[in-house]
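Below is one structure; the comments refer to it alone.
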Amino acid sequence: MKAAMKAVAATGVGAAVVVGRRMTARRRALRRGRSDHWLAVTVDRPLDAVTGPPRLPGPMGELRGRVDVRFRPAPGGRGTEVLAVPKDDDVSREDLRVALRQMKSLLETGTVIRPDTPSTTHPGPAGRVLRAVIGKSAGEGRL
Amino acid sequence: MRALCWEGVNDVRVQDVPDPKILNDGDLILKVGLSTACGSDLHLLTGHIPFMQAGDVIGHEFMGEVVEVGPDVTRHKPGDRVVVASFIGCGQCYYCRNDLWSLCDNTNTNPGITQALWGADPGGIFGYSHAMGGFKGSHAEYVRVPFADHNAIAIPEAVDDLSAVFASDSAPTGWMGADLGGVRPGDVVAVWGSGAVGQMAARSAQLHGAERVVVIDRFDYRLRQAENAFGLETVNYEHVDVGAALREMTGGRGPDVCIEAVGCEAHSYGPQYAYDQVKSKLKLETDRPIAVREAIHNCRKGGTVFVLGVFSGVVDKFPLGAVMNKGLTLRGAQQHGQRYIPMLLDRMASGELTTTHLATHVLPLEEGARGYQLFKDKEDDCVRAVFRP
């Protein structure tokens, strides 16, 4: 009976180890995938308006040569999908997100809306923590 | 200038803050005429939406006079009297061009926060936390209005200031509930919440041709207002079983369209309320969806439930089985004001849509803290505290 219990326990531990390893491997693969995938925005303008001058306005222009960029028409005539990925570690994905978002806004509205800063002169300790989060917010998110 | 600022949980104060400036060429500066407290502000006050900094100017429902315009503003000039939509739209992205203004792609300056929370970022909003762009609010002497050609709307002469201020948010939010909720002639419509937005949703349902419209609340003074202003039927859930009343009213079917205008801090009685209170205190759910549950439970088979109340995160015990098995349509949205405001101003001018009764307390801005106290605690039969800077 004891031997049987030991066998069951050993099997359980073994299974847990295997599952754990697979999960870790999957997490690593997902992380790799996330960092490798192309960042994308859809600009609500036709392909020729996006690829014509001014091509890649704003900070996207400054990243020219350091990022790979692809254009394709969005399905249903809903504008143009712009995809980009850093060529090397020189360009962070955060900077690329900011650049893509600003490029989209420039192409659609001709401007990039400026925040009301500083929003307050006395944010307090919690507000300062929030400010640190907000400081990164423009470069984070789900592109 | 003077402005009403969030200083911490349940702490708002009028203070000196820097004057707003034109930052983009499409901005205008508005001298605020009237700015009203909104039920959704209470979620900021209670700390329910944790993206505020001490000193942030609150307020998002307002009207006033244009005093300065940027070089790209073509539709307005100094001296114009305008009402401003609470959500800021760029007017030129896919969502704005399809009249889904609160979903604007280009106006939330902190998109990472809401993209992480909700999977995508809605547009920016005045005075409603840094998750929604961190724009300064309207409980102030002056406010900057970005993309002013799209977000400021001229007020017809026949509409007075006190009527017009509710065209900024309450009226278009209510109208949207009836419109996108698909209210049709002959429908029975139930509205949870008899505050300003609930009353506007109920009146909008009437104007869409609903045959019977019932409003549900626990405050008799608000229900009386709904009866007197618009001839609405009312149910006080403190005294009446809501489900039984709705079934009786609809021949056992349930309302065709149920509009929830309560939001994430809903009140109720009994074990359900205690359960939600405990869960939210332990941060195991962010919002209390009591009115949403009730709307789903009581809606007729194949009917529509529209969520107008503001919710921030996740809820517990959501009756998905009822949604699926009863074949319900469930919708929600922040308000697409720019889509409706001109039409609503015309209806105000014609007398079809009255709003001034909602302004139970018109106070100087300096009494902003007292106004929020009255509004939050439902003192002195307060429906809306409106501030005059």
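Convention: chains lettered A, B, ... in structure tokens order; per-chain residue numbering from 1; ligands numbered from 1 as shown.
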Could I get the residues of chain A with an atom no further than 7 Å from an atom of chain B, each paired with its nearest atom pair and that distance in Å to one decimal, using only C-alpha atoms, sorted by chain and residue number, as a tab-separated table?
residue	atom	partner	partner_atom	distance
A:Asp44	CA	B:Tyr94	CA	5.5
A:Ser105	CA	B:Asn106	CA	5.8
A:Glu108	CA	B:Gln92	CA	5.9
A:Thr109	CA	B:Gln92	CA	6.0
A:Ile113	CA	B:Thr107	CA	6.3
A:Arg114	CA	B:Leu23	CA	6.4
A:Pro115	CA	B:Thr109	CA	6.1
A:Asp116	CA	B:Phe135	CA	5.5
A:Ser119	CA	B:Asp56	CA	6.2
A:Thr120	CA	B:Gly55	CA	5.0
A:Thr121	CA	B:Gly55	CA	6.7
A:His122	CA	B:Gly55	CA	6.0
A:Pro123	CA	B:Ala54	CA	4.6
A:Gly124	CA	B:Ala54	CA	6.0
A:Gly127	CA	B:Gln53	CA	4.4
A:Leu130	CA	B:Phe51	CA	6.9
A:Ile134	CA	B:Asn110	CA	6.4
A:Ser137	CA	B:Gly112	CA	4.4
A:Ala138	CA	B:Asn110	CA	5.4
A:Gly139	CA	B:Gly112	CA	6.9
A:Glu140	CA	B:Gly112	CA	4.7
A:Gly141	CA	B:Gly112	CA	4.1
A:Arg142	CA	B:Gln115	CA	6.1
List as a PyMOL selection string the protein and nucleic acid residues near Asp220 of chain B, meaning an atom at most 10 Å away when only C-alpha atoms are counted, but skip any in the same chain fewer than 4 places from it.
chain B and resi 194+224-226+234-236+238+381
Next, write the just-selected residues to a file, as a short mmCIF file (atom, residue, chain, number, x, y, z; two decimals), in the first residue's frame, keeping C-alpha atoms as the atom set.
data_model
loop_
_atom_site.label_atom_id
_atom_site.label_comp_id
_atom_site.auth_asym_id
_atom_site.auth_seq_id
_atom_site.Cartn_x
_atom_site.Cartn_y
_atom_site.Cartn_z
CA SER B 194 -34.04 58.44 -11.45
CA ARG B 224 -41.80 62.46 -7.94
CA GLN B 225 -39.65 64.63 -10.18
CA ALA B 226 -39.81 62.01 -12.94
CA THR B 234 -42.35 54.96 -11.07
CA VAL B 235 -41.37 52.11 -8.78
CA ASN B 236 -39.71 52.61 -5.41
CA GLU B 238 -37.71 50.13 -1.02
CA ASP B 381 -33.74 66.69 -2.22
#
Closest to Ala333 of chain B among B:Asp41, B:Glu260, B:Asp16, B:Asp160, using only C-alpha atoms?
B:Glu260
Which residues come within 8 Å of segment 81-92 of chain A, counting only C-alpha atoms, excluding same-chain residues fewer than 6 positions away, as a PyMOL selection string?
chain A and resi 36-43+63+66-74
Within 9 Å of Asp276 of chain B using only C-alpha atoms, minus same-chain residues under 5 positions, as number ranges by chain:
B: 271, 281, 285, 287-290, 315-316
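For the pair atom CA of Pro389 of chain B and atom CA of Gly137 of chain B, the separation is 12.7 Å.
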How would you write, as a VMD selection string, the set of residues in segment 186-308 of chain B that DSSP gives as helix (DSSP H, G or I)?
chain B and resid 196 to 207 220 to 230 242 to 249 271 to 281 290 to 298
Export, as a compact mmCIF listing (two decimals), in the first residue's frame, the selected residues with N, CA and C atoms.
# COMPACT_ATOMS: atom_id res chain seq x y z
N ALA B 196 -30.41 62.50 -13.02
CA ALA B 196 -30.53 63.26 -14.27
C ALA B 196 -30.42 62.36 -15.50
N VAL B 197 -29.44 61.46 -15.51
CA VAL B 197 -29.26 60.60 -16.69
C VAL B 197 -30.44 59.64 -16.83
N GLY B 198 -30.90 59.07 -15.72
CA GLY B 198 -32.05 58.17 -15.78
C GLY B 198 -33.28 58.87 -16.30
N GLN B 199 -33.54 60.08 -15.81
CA GLN B 199 -34.71 60.82 -16.29
C GLN B 199 -34.58 61.16 -17.77
N MET B 200 -33.37 61.51 -18.18
CA MET B 200 -33.16 61.83 -19.60
C MET B 200 -33.34 60.58 -20.47
N ALA B 201 -32.89 59.43 -19.96
CA ALA B 201 -33.08 58.18 -20.72
C ALA B 201 -34.56 57.86 -20.84
N ALA B 202 -35.29 58.07 -19.73
CA ALA B 202 -36.72 57.76 -19.75
C ALA B 202 -37.48 58.70 -20.68
N ARG B 203 -37.16 59.98 -20.62
CA ARG B 203 -37.81 60.94 -21.52
C ARG B 203 -37.46 60.63 -22.98
N SER B 204 -36.21 60.23 -23.21
CA SER B 204 -35.80 59.88 -24.57
C SER B 204 -36.58 58.67 -25.06
N ALA B 205 -36.81 57.71 -24.16
CA ALA B 205 -37.60 56.54 -24.56
C ALA B 205 -39.01 56.96 -24.97
N GLN B 206 -39.59 57.90 -24.21
CA GLN B 206 -40.90 58.43 -24.59
C GLN B 206 -40.84 59.04 -25.99
N LEU B 207 -39.80 59.84 -26.22
CA LEU B 207 -39.69 60.53 -27.50
C LEU B 207 -39.39 59.57 -28.65
N ASP B 220 -37.93 58.91 -3.09
CA ASP B 220 -39.25 59.37 -3.53
C ASP B 220 -39.17 60.72 -4.22
N TYR B 221 -38.29 61.62 -3.72
CA TYR B 221 -38.27 62.96 -4.32
C TYR B 221 -37.80 62.91 -5.77
N ARG B 222 -36.92 61.98 -6.08
CA ARG B 222 -36.47 61.86 -7.47
C ARG B 222 -37.57 61.22 -8.34
N LEU B 223 -38.25 60.24 -7.78
CA LEU B 223 -39.33 59.61 -8.53
C LEU B 223 -40.47 60.61 -8.77
N ARG B 224 -40.75 61.44 -7.77
CA ARG B 224 -41.80 62.46 -7.94
C ARG B 224 -41.41 63.42 -9.07
N GLN B 225 -40.12 63.74 -9.10
CA GLN B 225 -39.65 64.63 -10.18
C GLN B 225 -39.91 64.01 -11.55
N ALA B 226 -39.61 62.72 -11.66
CA ALA B 226 -39.81 62.01 -12.94
C ALA B 226 -41.29 61.98 -13.32
N GLU B 227 -42.14 61.79 -12.32
CA GLU B 227 -43.59 61.78 -12.58
C GLU B 227 -44.05 63.17 -13.03
N ASN B 228 -43.62 64.20 -12.29
CA ASN B 228 -44.11 65.55 -12.56
C ASN B 228 -43.55 66.13 -13.85
N ALA B 229 -42.27 65.88 -14.11
CA ALA B 229 -41.64 66.50 -15.29
C ALA B 229 -42.09 65.82 -16.58
N PHE B 230 -42.20 64.49 -16.55
CA PHE B 230 -42.42 63.77 -17.81
C PHE B 230 -43.60 62.79 -17.78
N VAL B 242 -39.60 44.83 -7.42
CA VAL B 242 -39.43 45.38 -8.78
C VAL B 242 -39.85 44.36 -9.83
N GLY B 243 -39.39 43.12 -9.68
CA GLY B 243 -39.71 42.09 -10.68
C GLY B 243 -41.21 41.89 -10.81
N ALA B 244 -41.89 41.79 -9.66
CA ALA B 244 -43.34 41.56 -9.68
C ALA B 244 -44.04 42.75 -10.33
N ALA B 245 -43.58 43.95 -9.99
CA ALA B 245 -44.22 45.15 -10.56
C ALA B 245 -44.04 45.18 -12.09
N LEU B 246 -42.83 44.85 -12.55
CA LEU B 246 -42.58 44.90 -13.99
C LEU B 246 -43.36 43.81 -14.72
N ARG B 247 -43.46 42.63 -14.12
CA ARG B 247 -44.22 41.55 -14.76
C ARG B 247 -45.70 41.92 -14.85
N GLU B 248 -46.20 42.52 -13.78
CA GLU B 248 -47.61 42.94 -13.78
C GLU B 248 -47.85 44.00 -14.85
N MET B 249 -46.90 44.91 -14.94
CA MET B 249 -47.01 46.03 -15.89
C MET B 249 -46.96 45.57 -17.34
N PRO B 271 -29.08 40.15 1.27
CA PRO B 271 -27.78 39.47 1.20
C PRO B 271 -26.97 39.81 -0.05
N GLN B 272 -27.65 40.10 -1.15
CA GLN B 272 -26.92 40.43 -2.38
C GLN B 272 -26.06 41.68 -2.19
N TYR B 273 -26.64 42.67 -1.52
CA TYR B 273 -25.92 43.93 -1.31
C TYR B 273 -24.75 43.70 -0.36
N ALA B 274 -25.02 42.94 0.73
CA ALA B 274 -23.95 42.64 1.70
C ALA B 274 -22.81 41.90 1.00
N TYR B 275 -23.18 40.95 0.15
CA TYR B 275 -22.18 40.16 -0.60
C TYR B 275 -21.32 41.08 -1.45
N ASP B 276 -21.97 41.96 -2.21
CA ASP B 276 -21.20 42.85 -3.09
C ASP B 276 -20.35 43.84 -2.31
N GLN B 277 -20.89 44.30 -1.17
CA GLN B 277 -20.12 45.21 -0.32
C GLN B 277 -18.83 44.55 0.15
N VAL B 278 -18.97 43.30 0.64
CA VAL B 278 -17.80 42.58 1.16
C VAL B 278 -16.80 42.35 0.03
N LYS B 279 -17.30 41.87 -1.11
CA LYS B 279 -16.40 41.59 -2.24
C LYS B 279 -15.67 42.84 -2.70
N SER B 280 -16.38 43.96 -2.74
CA SER B 280 -15.71 45.17 -3.23
C SER B 280 -14.74 45.72 -2.19
N LYS B 281 -15.08 45.58 -0.90
CA LYS B 281 -14.14 46.04 0.14
C LYS B 281 -12.86 45.21 0.12
N ILE B 290 -25.43 45.65 -9.23
CA ILE B 290 -26.73 45.20 -8.73
C ILE B 290 -27.86 45.54 -9.71
N ALA B 291 -27.86 46.76 -10.20
CA ALA B 291 -28.94 47.15 -11.12
C ALA B 291 -28.81 46.43 -12.46
N VAL B 292 -27.59 46.15 -12.89
CA VAL B 292 -27.40 45.42 -14.16
C VAL B 292 -27.98 44.01 -14.02
N ARG B 293 -27.66 43.35 -12.89
CA ARG B 293 -28.21 42.00 -12.67
C ARG B 293 -29.74 42.03 -12.73
N GLU B 294 -30.30 43.05 -12.04
CA GLU B 294 -31.77 43.12 -11.98
C GLU B 294 -32.37 43.39 -13.36
N ALA B 295 -31.70 44.25 -14.13
CA ALA B 295 -32.19 44.56 -15.48
C ALA B 295 -32.17 43.30 -16.35
N ILE B 296 -31.08 42.55 -16.27
CA ILE B 296 -30.96 41.32 -17.07
C ILE B 296 -32.02 40.32 -16.64
N HIS B 297 -32.21 40.18 -15.35
CA HIS B 297 -33.16 39.21 -14.83
C HIS B 297 -34.59 39.53 -15.25
N ASN B 298 -34.91 40.81 -15.31
CA ASN B 298 -36.30 41.20 -15.55
C ASN B 298 -36.63 41.52 -17.00
